>>> print(open('protein.tsv').read())   # TSV, N, CA and C atoms
chain	number	residue	atom	x	y	z
A	1	MET	N	22.56	-1.13	8.03
A	1	MET	CA	23.49	-1.59	7.03
A	1	MET	C	22.79	-1.66	5.67
A	2	ALA	N	23.42	-1.12	4.68
A	2	ALA	CA	22.85	-1.08	3.34
A	2	ALA	C	22.94	-2.45	2.67
A	3	LEU	N	21.93	-2.72	1.86
A	3	LEU	CA	21.91	-3.98	1.12
A	3	LEU	C	22.81	-3.88	-0.11
A	4	SER	N	23.36	-4.99	-0.48
A	4	SER	CA	24.14	-5.03	-1.71
A	4	SER	C	23.17	-4.97	-2.89
A	5	PRO	N	23.63	-4.59	-4.06
A	5	PRO	CA	22.75	-4.57	-5.23
A	5	PRO	C	22.10	-5.93	-5.49
A	6	ARG	N	22.82	-6.99	-5.28
A	6	ARG	CA	22.28	-8.34	-5.50
A	6	ARG	C	21.14	-8.64	-4.51
A	7	GLN	N	21.33	-8.26	-3.23
A	7	GLN	CA	20.30	-8.48	-2.23
A	7	GLN	C	19.06	-7.62	-2.51
A	8	ARG	N	19.30	-6.37	-2.92
A	8	ARG	CA	18.18	-5.49	-3.24
A	8	ARG	C	17.37	-6.04	-4.40
A	9	LYS	N	18.05	-6.51	-5.45
A	9	LYS	CA	17.36	-7.08	-6.61
A	9	LYS	C	16.57	-8.33	-6.21
A	10	ALA	N	17.16	-9.16	-5.35
A	10	ALA	CA	16.47	-10.37	-4.89
A	10	ALA	C	15.20	-9.99	-4.12
A	11	GLN	N	15.26	-8.96	-3.30
A	11	GLN	CA	14.08	-8.51	-2.58
A	11	GLN	C	13.02	-7.96	-3.53
A	12	GLU	N	13.45	-7.22	-4.54
A	12	GLU	CA	12.51	-6.68	-5.52
A	12	GLU	C	11.81	-7.80	-6.30
A	13	ARG	N	12.58	-8.82	-6.70
A	13	ARG	CA	11.99	-9.96	-7.41
A	13	ARG	C	10.98	-10.70	-6.53
A	14	ALA	N	11.32	-10.90	-5.27
A	14	ALA	CA	10.41	-11.59	-4.34
A	14	ALA	C	9.13	-10.77	-4.15
A	15	ALA	N	9.26	-9.46	-4.02
A	15	ALA	CA	8.09	-8.60	-3.87
A	15	ALA	C	7.22	-8.63	-5.12
A	16	HIS	N	7.85	-8.65	-6.28
A	16	HIS	CA	7.10	-8.71	-7.55
A	16	HIS	C	6.35	-10.04	-7.68
A	17	ARG	N	7.02	-11.14	-7.34
A	17	ARG	CA	6.35	-12.45	-7.39
A	17	ARG	C	5.16	-12.49	-6.44
A	18	ALA	N	5.32	-11.92	-5.24
A	18	ALA	CA	4.22	-11.88	-4.27
A	18	ALA	C	3.04	-11.06	-4.81
A	19	MET	N	3.35	-9.93	-5.47
A	19	MET	CA	2.30	-9.11	-6.05
A	19	MET	C	1.56	-9.85	-7.17
A	20	LEU	N	2.32	-10.54	-8.04
A	20	LEU	CA	1.69	-11.32	-9.12
A	20	LEU	C	0.80	-12.42	-8.56
A	21	GLU	N	1.24	-13.06	-7.51
A	21	GLU	CA	0.45	-14.12	-6.87
A	21	GLU	C	-0.84	-13.55	-6.27
A	22	ARG	N	-0.74	-12.37	-5.64
A	22	ARG	CA	-1.93	-11.74	-5.06
A	22	ARG	C	-2.93	-11.36	-6.16
A	23	VAL	N	-2.44	-10.77	-7.25
A	23	VAL	CA	-3.32	-10.38	-8.36
A	23	VAL	C	-3.95	-11.62	-8.99
A	24	ARG	N	-3.19	-12.69	-9.12
A	24	ARG	CA	-3.73	-13.93	-9.70
A	24	ARG	C	-4.81	-14.52	-8.81
A	25	ASN	N	-4.56	-14.55	-7.49
A	25	ASN	CA	-5.57	-15.09	-6.57
A	25	ASN	C	-6.85	-14.27	-6.60
A	26	GLU	N	-6.72	-12.94	-6.66
A	26	GLU	CA	-7.91	-12.10	-6.78
A	26	GLU	C	-8.66	-12.41	-8.07
A	27	GLY	N	-7.91	-12.57	-9.16
A	27	GLY	CA	-8.53	-12.89	-10.45
A	27	GLY	C	-9.25	-14.23	-10.43
A	28	LEU	N	-8.64	-15.22	-9.79
A	28	LEU	CA	-9.29	-16.53	-9.70
A	28	LEU	C	-10.57	-16.46	-8.88
A	29	GLU	N	-10.58	-15.62	-7.85
A	29	GLU	CA	-11.81	-15.43	-7.06
A	29	GLU	C	-12.90	-14.80	-7.91
A	30	HIS	N	-12.54	-13.76	-8.68
A	30	HIS	CA	-13.52	-13.11	-9.56
A	30	HIS	C	-14.03	-14.09	-10.62
A	31	GLN	N	-13.12	-14.90	-11.16
A	31	GLN	CA	-13.49	-15.88	-12.19
A	31	GLN	C	-14.45	-16.92	-11.61
A	32	ALA	N	-14.17	-17.39	-10.40
A	32	ALA	CA	-15.04	-18.39	-9.78
A	32	ALA	C	-16.43	-17.82	-9.49
A	33	ARG	N	-16.47	-16.55	-9.06
A	33	ARG	CA	-17.74	-15.91	-8.75
A	33	ARG	C	-18.52	-15.62	-10.04
A	34	GLY	N	-17.81	-15.18	-11.09
A	34	GLY	CA	-18.43	-14.96	-12.39
A	34	GLY	C	-19.23	-13.69	-12.52
A	35	THR	N	-19.21	-12.83	-11.51
A	35	THR	CA	-19.95	-11.58	-11.58
A	35	THR	C	-19.02	-10.42	-11.26
A	36	CYS	N	-19.39	-9.26	-11.75
A	36	CYS	CA	-18.59	-8.05	-11.55
A	36	CYS	C	-18.66	-7.63	-10.07
A	37	PRO	N	-17.51	-7.28	-9.47
A	37	PRO	CA	-17.54	-6.85	-8.07
A	37	PRO	C	-18.18	-5.48	-7.88
A	38	ARG	N	-18.31	-4.70	-8.95
A	38	ARG	CA	-18.93	-3.37	-8.85
A	38	ARG	C	-20.43	-3.40	-9.06
A	39	CYS	N	-20.86	-4.04	-10.16
A	39	CYS	CA	-22.28	-3.94	-10.54
A	39	CYS	C	-23.01	-5.29	-10.57
A	40	SER	N	-22.32	-6.37	-10.30
A	40	SER	CA	-22.90	-7.72	-10.23
A	40	SER	C	-23.42	-8.27	-11.55
A	41	ARG	N	-23.00	-7.66	-12.66
A	41	ARG	CA	-23.37	-8.19	-13.98
A	41	ARG	C	-22.44	-9.37	-14.30
A	42	PRO	N	-22.82	-10.25	-15.21
A	42	PRO	CA	-21.93	-11.37	-15.58
A	42	PRO	C	-20.64	-10.87	-16.24
A	43	LEU	N	-19.54	-11.54	-15.91
A	43	LEU	CA	-18.24	-11.20	-16.50
A	43	LEU	C	-18.05	-11.90	-17.84
A	44	SER	N	-17.31	-11.24	-18.72
A	44	SER	CA	-16.93	-11.82	-20.01
A	44	SER	C	-15.44	-12.09	-19.99
A	45	HIS	N	-15.02	-13.05	-20.79
A	45	HIS	CA	-13.60	-13.36	-20.95
A	45	HIS	C	-13.15	-12.77	-22.27
A	46	ASN	N	-12.07	-12.00	-22.23
A	46	ASN	CA	-11.47	-11.47	-23.44
A	46	ASN	C	-10.23	-12.31	-23.70
A	47	ASN	N	-10.21	-13.04	-24.79
A	47	ASN	CA	-9.12	-13.96	-25.10
A	47	ASN	C	-8.12	-13.39	-26.09
A	48	SER	N	-8.00	-12.07	-26.19
A	48	SER	CA	-7.13	-11.48	-27.19
A	48	SER	C	-5.67	-11.42	-26.77
A	49	LEU	N	-5.34	-11.67	-25.51
A	49	LEU	CA	-3.95	-11.65	-25.05
A	49	LEU	C	-3.52	-13.06	-24.66
A	50	PRO	N	-2.52	-13.62	-25.33
A	50	PRO	CA	-2.08	-14.97	-24.99
A	50	PRO	C	-1.39	-15.01	-23.62
A	51	GLY	N	-1.67	-16.07	-22.85
A	51	GLY	CA	-1.05	-16.26	-21.55
A	51	GLY	C	-1.66	-15.46	-20.43
A	52	VAL	N	-2.73	-14.73	-20.74
A	52	VAL	CA	-3.37	-13.86	-19.74
A	52	VAL	C	-4.85	-14.19	-19.70
A	53	ILE	N	-5.42	-14.16	-18.50
A	53	ILE	CA	-6.87	-14.25	-18.36
A	53	ILE	C	-7.35	-12.82	-18.13
A	54	TRP	N	-8.24	-12.37	-18.99
A	54	TRP	CA	-8.74	-11.00	-18.95
A	54	TRP	C	-10.23	-11.07	-18.72
A	55	LEU	N	-10.65	-10.73	-17.51
A	55	LEU	CA	-12.07	-10.71	-17.16
A	55	LEU	C	-12.58	-9.30	-17.32
A	56	GLN	N	-13.77	-9.17	-17.91
A	56	GLN	CA	-14.34	-7.84	-18.16
A	56	GLN	C	-15.82	-7.82	-17.84
A	57	CYS	N	-16.24	-6.70	-17.29
A	57	CYS	CA	-17.65	-6.35	-17.26
A	57	CYS	C	-17.78	-5.40	-18.44
A	58	LEU	N	-18.54	-5.78	-19.44
A	58	LEU	CA	-18.57	-5.00	-20.67
A	58	LEU	C	-19.01	-3.57	-20.42
A	59	PRO	N	-18.37	-2.60	-21.09
A	59	PRO	CA	-18.73	-1.18	-20.89
A	59	PRO	C	-20.09	-0.85	-21.49
A	60	ALA	N	-20.59	0.30	-21.10
A	60	ALA	CA	-21.92	0.72	-21.56
A	60	ALA	C	-22.00	0.86	-23.08
A	61	ASN	N	-20.88	1.18	-23.74
A	61	ASN	CA	-20.90	1.34	-25.20
A	61	ASN	C	-20.52	0.04	-25.92
A	62	SER	N	-20.74	-1.09	-25.29
A	62	SER	CA	-20.41	-2.39	-25.85
A	62	SER	C	-21.27	-2.69	-27.08
A	63	ILE	N	-20.73	-3.53	-27.96
A	63	ILE	CA	-21.52	-3.95	-29.12
A	63	ILE	C	-22.61	-4.95	-28.71
A	64	TYR	N	-22.57	-5.39	-27.46
A	64	TYR	CA	-23.62	-6.27	-26.92
A	64	TYR	C	-24.37	-5.50	-25.84
A	65	PRO	N	-25.31	-4.62	-26.20
A	65	PRO	CA	-25.97	-3.76	-25.23
A	65	PRO	C	-26.71	-4.53	-24.14
A	66	GLU	N	-27.19	-5.73	-24.45
A	66	GLU	CA	-27.91	-6.52	-23.44
A	66	GLU	C	-26.98	-7.03	-22.34
A	67	ARG	N	-25.66	-7.05	-22.60
A	67	ARG	CA	-24.68	-7.51	-21.60
A	67	ARG	C	-23.84	-6.37	-21.04
A	68	ALA	N	-24.17	-5.12	-21.39
A	68	ALA	CA	-23.38	-3.97	-20.97
A	68	ALA	C	-23.44	-3.79	-19.46
A	69	GLY	N	-22.30	-3.40	-18.91
A	69	GLY	CA	-22.20	-3.17	-17.48
A	69	GLY	C	-21.41	-1.90	-17.20
A	70	CYS	N	-20.48	-1.99	-16.23
A	70	CYS	CA	-19.76	-0.80	-15.76
A	70	CYS	C	-18.37	-0.64	-16.36
A	71	GLY	N	-17.84	-1.63	-17.07
A	71	GLY	CA	-16.53	-1.51	-17.69
A	71	GLY	C	-15.37	-1.99	-16.83
A	72	TRP	N	-15.65	-2.56	-15.66
A	72	TRP	CA	-14.59	-3.08	-14.78
A	72	TRP	C	-13.81	-4.17	-15.51
A	73	GLN	N	-12.51	-4.30	-15.24
A	73	GLN	CA	-11.71	-5.37	-15.84
A	73	GLN	C	-10.56	-5.76	-14.92
A	74	HIS	N	-10.10	-6.99	-15.08
A	74	HIS	CA	-9.01	-7.53	-14.27
A	74	HIS	C	-8.21	-8.48	-15.15
A	75	LEU	N	-6.90	-8.28	-15.20
A	75	LEU	CA	-6.00	-9.15	-15.97
A	75	LEU	C	-5.06	-9.87	-15.02
A	76	PHE	N	-4.79	-11.14	-15.30
A	76	PHE	CA	-3.80	-11.88	-14.52
A	76	PHE	C	-3.23	-13.00	-15.37
A	77	GLU	N	-2.01	-13.41	-15.01
A	77	GLU	CA	-1.33	-14.46	-15.77
A	77	GLU	C	-2.06	-15.78	-15.61
A	78	ARG	N	-2.12	-16.52	-16.72
A	78	ARG	CA	-2.77	-17.82	-16.71
A	78	ARG	C	-2.04	-18.79	-15.79
A	79	VAL	N	-0.72	-18.82	-15.87
A	79	VAL	CA	0.09	-19.73	-15.05
A	79	VAL	C	1.29	-18.95	-14.54
A	80	LEU	N	1.61	-19.13	-13.28
A	80	LEU	CA	2.81	-18.49	-12.73
A	80	LEU	C	3.94	-19.46	-12.68
>>> encode(input="protein.tsv", output="structure tokens")
Amino acid sequence: MALSPRQRKAQERAAHRAMLERVRNEGLEHQARGTCPRCSRPLSHNNSLPGVIWLQCLPANSIYPERAGCGWQHLFERVL
């Protein structure tokens, strides 16, 4: 039996909320650990986006060469 448009939208919203929660939990784990999952260098916080926590392993061409790493990054909402 096919879902109604309202039921389909409700399922899509629930799936999206679950995905956001998973991404946020992963981000909180990375933040607590404080190191890059790829190269184990210290993570930096980029505060240029409001409402988002942006964790970065600075890229090799960073203006801070002593903190340069692999360029990995992870963004997640500050509060859900």
>>> residues_around(input="protein.tsv", residues="stretch 39-41 of chain A", least_positions_apart="2", cutoff="8 Å", atoms="all atoms listed in the file", output="list in words")
Gly34, Thr35, Cys36, Pro37, Leu43, Ser44, Gln56, Cys57, Leu58, Arg67, Ala68, Gly69, Cys70, Gly71 and Trp72 of chain A
>>> select_by_dssp(input="protein.tsv", residues="chain A", states="helix (DSSP H, G or I)", output="JSON, numbers by chain")
{"A": [5, 6, 7, 8, 9, 10, 11, 12, 13, 14, 15, 16, 17, 18, 19, 20, 21, 22, 23, 24, 25, 26, 27, 28, 29, 30, 31, 32, 33, 65, 66, 67]}
>>> atom_distance(input="protein.tsv", atom1="atom CA of A:Arg22", atom2="atom CA of A:Pro5")
25.7 Å
>>> closest_residue(input="protein.tsv", among="A:Glu29, A:Glu12, A:Glu21, A:Glu77", to="A:Gly51", atoms="only N, CA and C atoms")
A:Glu77
>>> residues_near_point(input="protein.tsv", point="(-2.0, -10.6, -19.7)", cutoff="7 Å", atoms="only N, CA and C atoms", output="PDB file with N, CA and C atoms, in the coordinates of the input")
ATOM      1  N   LEU A  49      -5.340 -11.670 -25.510  1.00  0.00           N
ATOM      2  CA  LEU A  49      -3.950 -11.650 -25.050  1.00  0.00           C
ATOM      3  C   LEU A  49      -3.520 -13.060 -24.660  1.00  0.00           C
ATOM      4  N   PRO A  50      -2.520 -13.620 -25.330  1.00  0.00           N
ATOM      5  CA  PRO A  50      -2.080 -14.970 -24.990  1.00  0.00           C
ATOM      6  C   PRO A  50      -1.390 -15.010 -23.620  1.00  0.00           C
ATOM      7  N   GLY A  51      -1.670 -16.070 -22.850  1.00  0.00           N
ATOM      8  CA  GLY A  51      -1.050 -16.260 -21.550  1.00  0.00           C
ATOM      9  C   GLY A  51      -1.660 -15.460 -20.430  1.00  0.00           C
ATOM     10  N   VAL A  52      -2.730 -14.730 -20.740  1.00  0.00           N
ATOM     11  CA  VAL A  52      -3.370 -13.860 -19.740  1.00  0.00           C
ATOM     12  C   VAL A  52      -4.850 -14.190 -19.700  1.00  0.00           C
ATOM     13  N   ILE A  53      -5.420 -14.160 -18.500  1.00  0.00           N
ATOM     14  CA  ILE A  53      -6.870 -14.250 -18.360  1.00  0.00           C
ATOM     15  C   ILE A  53      -7.350 -12.820 -18.130  1.00  0.00           C
ATOM     16  N   TRP A  54      -8.240 -12.370 -18.990  1.00  0.00           N
ATOM     17  CA  TRP A  54      -8.740 -11.000 -18.950  1.00  0.00           C
ATOM     18  C   TRP A  54     -10.230 -11.070 -18.720  1.00  0.00           C
ATOM     19  N   LEU A  75      -6.900  -8.280 -15.200  1.00  0.00           N
ATOM     20  CA  LEU A  75      -6.000  -9.150 -15.970  1.00  0.00           C
ATOM     21  C   LEU A  75      -5.060  -9.870 -15.020  1.00  0.00           C
ATOM     22  N   PHE A  76      -4.790 -11.140 -15.300  1.00  0.00           N
ATOM     23  CA  PHE A  76      -3.800 -11.880 -14.520  1.00  0.00           C
ATOM     24  C   PHE A  76      -3.230 -13.000 -15.370  1.00  0.00           C
ATOM     25  N   GLU A  77      -2.010 -13.410 -15.010  1.00  0.00           N
ATOM     26  CA  GLU A  77      -1.330 -14.460 -15.770  1.00  0.00           C
ATOM     27  C   GLU A  77      -2.060 -15.780 -15.610  1.00  0.00           C
ATOM     28  N   ARG A  78      -2.120 -16.520 -16.720  1.00  0.00           N
ATOM     29  CA  ARG A  78      -2.770 -17.820 -16.710  1.00  0.00           C
ATOM     30  C   ARG A  78      -2.040 -18.790 -15.790  1.00  0.00           C
TER      31      ARG A  78
END
>>> decode(input="protein.tsv", residues="stretch 24-36 of chain A", atoms="N, CA and C atoms", output="JSON list (two decimals), in the first residue's frame")
[["chain", "number", "residue", "atom", "x", "y", "z"],
["A", 24, "ARG", "N", 25.65, 15.00, 14.60],
["A", 24, "ARG", "CA", 25.97, 15.77, 15.81],
["A", 24, "ARG", "C", 26.72, 14.91, 16.83],
["A", 25, "ASN", "N", 26.25, 13.67, 17.03],
["A", 25, "ASN", "CA", 26.93, 12.78, 17.97],
["A", 25, "ASN", "C", 28.35, 12.48, 17.54],
["A", 26, "GLU", "N", 28.56, 12.26, 16.24],
["A", 26, "GLU", "CA", 29.91, 12.05, 15.73],
["A", 26, "GLU", "C", 30.77, 13.29, 15.99],
["A", 27, "GLY", "N", 30.20, 14.47, 15.74],
["A", 27, "GLY", "CA", 30.94, 15.71, 15.97],
["A", 27, "GLY", "C", 31.31, 15.90, 17.43],
["A", 28, "LEU", "N", 30.38, 15.58, 18.32],
["A", 28, "LEU", "CA", 30.68, 15.71, 19.75],
["A", 28, "LEU", "C", 31.78, 14.74, 20.17],
["A", 29, "GLU", "N", 31.82, 13.56, 19.58],
["A", 29, "GLU", "CA", 32.90, 12.61, 19.87],
["A", 29, "GLU", "C", 34.24, 13.17, 19.40],
["A", 30, "HIS", "N", 34.28, 13.72, 18.18],
["A", 30, "HIS", "CA", 35.52, 14.32, 17.66],
["A", 30, "HIS", "C", 35.94, 15.50, 18.54],
["A", 31, "GLN", "N", 34.98, 16.31, 18.96],
["A", 31, "GLN", "CA", 35.28, 17.48, 19.79],
["A", 31, "GLN", "C", 35.85, 17.04, 21.14],
["A", 32, "ALA", "N", 35.27, 16.01, 21.73],
["A", 32, "ALA", "CA", 35.76, 15.53, 23.02],
["A", 32, "ALA", "C", 37.17, 14.96, 22.90],
["A", 33, "ARG", "N", 37.44, 14.26, 21.79],
["A", 33, "ARG", "CA", 38.76, 13.66, 21.58],
["A", 33, "ARG", "C", 39.79, 14.75, 21.28],
["A", 34, "GLY", "N", 39.39, 15.76, 20.48],
["A", 34, "GLY", "CA", 40.26, 16.90, 20.20],
["A", 34, "GLY", "C", 41.34, 16.65, 19.18],
["A", 35, "THR", "N", 41.35, 15.48, 18.55],
["A", 35, "THR", "CA", 42.36, 15.18, 17.55],
["A", 35, "THR", "C", 41.70, 14.72, 16.26],
["A", 36, "CYS", "N", 42.40, 14.90, 15.17],
["A", 36, "CYS", "CA", 41.90, 14.52, 13.85],
["A", 36, "CYS", "C", 41.80, 13.00, 13.76]]
